[in-house]
Amino acid sequence: MATCLVFGGTQFVGKAMAKRLISDGHEVYVLNRGTREAPQGSKALIADRNNINKLSAVLYNKTFDYVYDISAYTPEQTRNAIQLLKGKTKHFIGYK
């Protein structure tokens, strides 16, 4: 069982990915702004990824085997996520 973080795991591809990871038996965290409910079986992390201080606080003391960042709208959002998760994840899979 892996510990996974899915950025934006409440809509579209992110939601489907989170549900699949859950059904495969993984521990899944879903990070979003809190405007939509996280998939059943996941653990919600609430933060706006553009607020680096809040994002840092939410990710503090958490480690992940896999991070799926498929909700980034800008390269800066991906860079911030990589920076905050440096040394806290084994695999970072991003889209941008």
# chains A, B, ... in the order shown; residues from 1 in each chain; ligands from 1

$ select_by_dssp --residues "range 27-84 of chain A" --states "strand (DSSP E or B)" --output "ChimeraX atom specification"
/A:27-32,43-46,64-69

$ residues_around --residues "range 3-5 of chain A" --least-positions-apart "4" --cutoff "10 Å" --atoms "only C-alpha atoms" --output "PyMOL selection string"
chain A and resi 9+18+21-22+25-31+42-45+62-69+89+91-92

$ residues_around --residues "Phe12 in chain A" --least-positions-apart "5" --cutoff "12 Å" --atoms "only C-alpha atoms" --output "compact mmCIF listing (two decimals) with all heavy atoms, in the first residue's frame"
# COMPACT_ATOMS: atom_id res chain seq x y z
N PHE A 7 -3.30 16.29 -6.17
CA PHE A 7 -3.70 17.69 -6.22
C PHE A 7 -4.95 17.78 -7.09
O PHE A 7 -4.97 17.26 -8.20
CB PHE A 7 -2.60 18.55 -6.86
CG PHE A 7 -1.50 18.95 -5.93
CD1 PHE A 7 -0.46 18.08 -5.67
CD2 PHE A 7 -1.52 20.19 -5.32
CE1 PHE A 7 0.57 18.45 -4.82
CE2 PHE A 7 -0.49 20.57 -4.47
CZ PHE A 7 0.55 19.70 -4.21
N MET A 17 -8.62 9.45 -10.76
CA MET A 17 -7.36 8.89 -10.27
C MET A 17 -7.44 8.58 -8.78
O MET A 17 -7.03 7.51 -8.34
CB MET A 17 -6.21 9.85 -10.54
CG MET A 17 -4.87 9.33 -10.05
SD MET A 17 -3.53 10.41 -10.54
CE MET A 17 -3.47 10.01 -12.27
N ALA A 18 -7.98 9.51 -8.01
CA ALA A 18 -8.12 9.29 -6.57
C ALA A 18 -8.98 8.06 -6.29
O ALA A 18 -8.62 7.21 -5.46
CB ALA A 18 -8.71 10.53 -5.90
N LYS A 19 -10.11 7.95 -6.98
CA LYS A 19 -10.99 6.79 -6.78
C LYS A 19 -10.29 5.48 -7.13
O LYS A 19 -10.45 4.48 -6.43
CB LYS A 19 -12.27 6.95 -7.61
CG LYS A 19 -13.22 7.97 -7.04
CD LYS A 19 -14.47 8.03 -7.91
CE LYS A 19 -15.54 8.89 -7.30
NZ LYS A 19 -16.77 8.89 -8.11
N ARG A 36 -15.26 21.49 -3.13
CA ARG A 36 -15.92 20.24 -3.52
C ARG A 36 -15.52 19.15 -2.54
O ARG A 36 -14.43 19.17 -1.98
CB ARG A 36 -15.50 19.82 -4.93
CG ARG A 36 -15.88 20.82 -5.98
CD ARG A 36 -15.50 20.31 -7.36
NE ARG A 36 -15.61 21.33 -8.36
CZ ARG A 36 -16.75 21.72 -8.92
NH1 ARG A 36 -17.87 21.16 -8.58
NH2 ARG A 36 -16.75 22.66 -9.85
N PRO A 39 -13.36 12.51 -2.62
CA PRO A 39 -13.94 11.18 -2.82
C PRO A 39 -13.97 10.38 -1.53
O PRO A 39 -13.08 10.49 -0.68
CB PRO A 39 -13.00 10.53 -3.83
CG PRO A 39 -12.34 11.66 -4.54
CD PRO A 39 -12.22 12.75 -3.51
N ILE A 70 -1.83 17.00 -11.24
CA ILE A 70 -2.41 17.12 -12.58
C ILE A 70 -3.36 18.30 -12.68
O ILE A 70 -4.03 18.47 -13.68
CB ILE A 70 -3.12 15.82 -13.00
CG1 ILE A 70 -4.19 15.45 -11.98
CG2 ILE A 70 -2.12 14.69 -13.16
CD1 ILE A 70 -5.06 14.30 -12.41
N SER A 71 -3.40 19.14 -11.63
CA SER A 71 -4.33 20.26 -11.64
C SER A 71 -3.64 21.61 -11.76
O SER A 71 -4.28 22.64 -11.63
CB SER A 71 -5.19 20.25 -10.37
OG SER A 71 -4.39 20.54 -9.24

$ select_by_dssp --residues "chain A" --states "alpha helix (DSSP H)" --output "PyMOL selection string"
chain A and resi 12-23+52-59+75-85

$ closest_residue --among "A:Lys88, A:Asn51, A:Arg20, A:Tyr73" --to "Gly8 in chain A" --atoms "only C-alpha atoms"
A:Tyr73

$ closest_residue --among "A:Leu55, A:Thr74, A:Thr35, A:Arg79" --to "Thr10 in chain A" --atoms "only C-alpha atoms"
A:Thr35

$ closest_residue --among "A:Ala72, A:Leu85, A:Gly94, A:Ala16" --to "Ala57 in chain A" --atoms "only C-alpha atoms"
A:Leu85
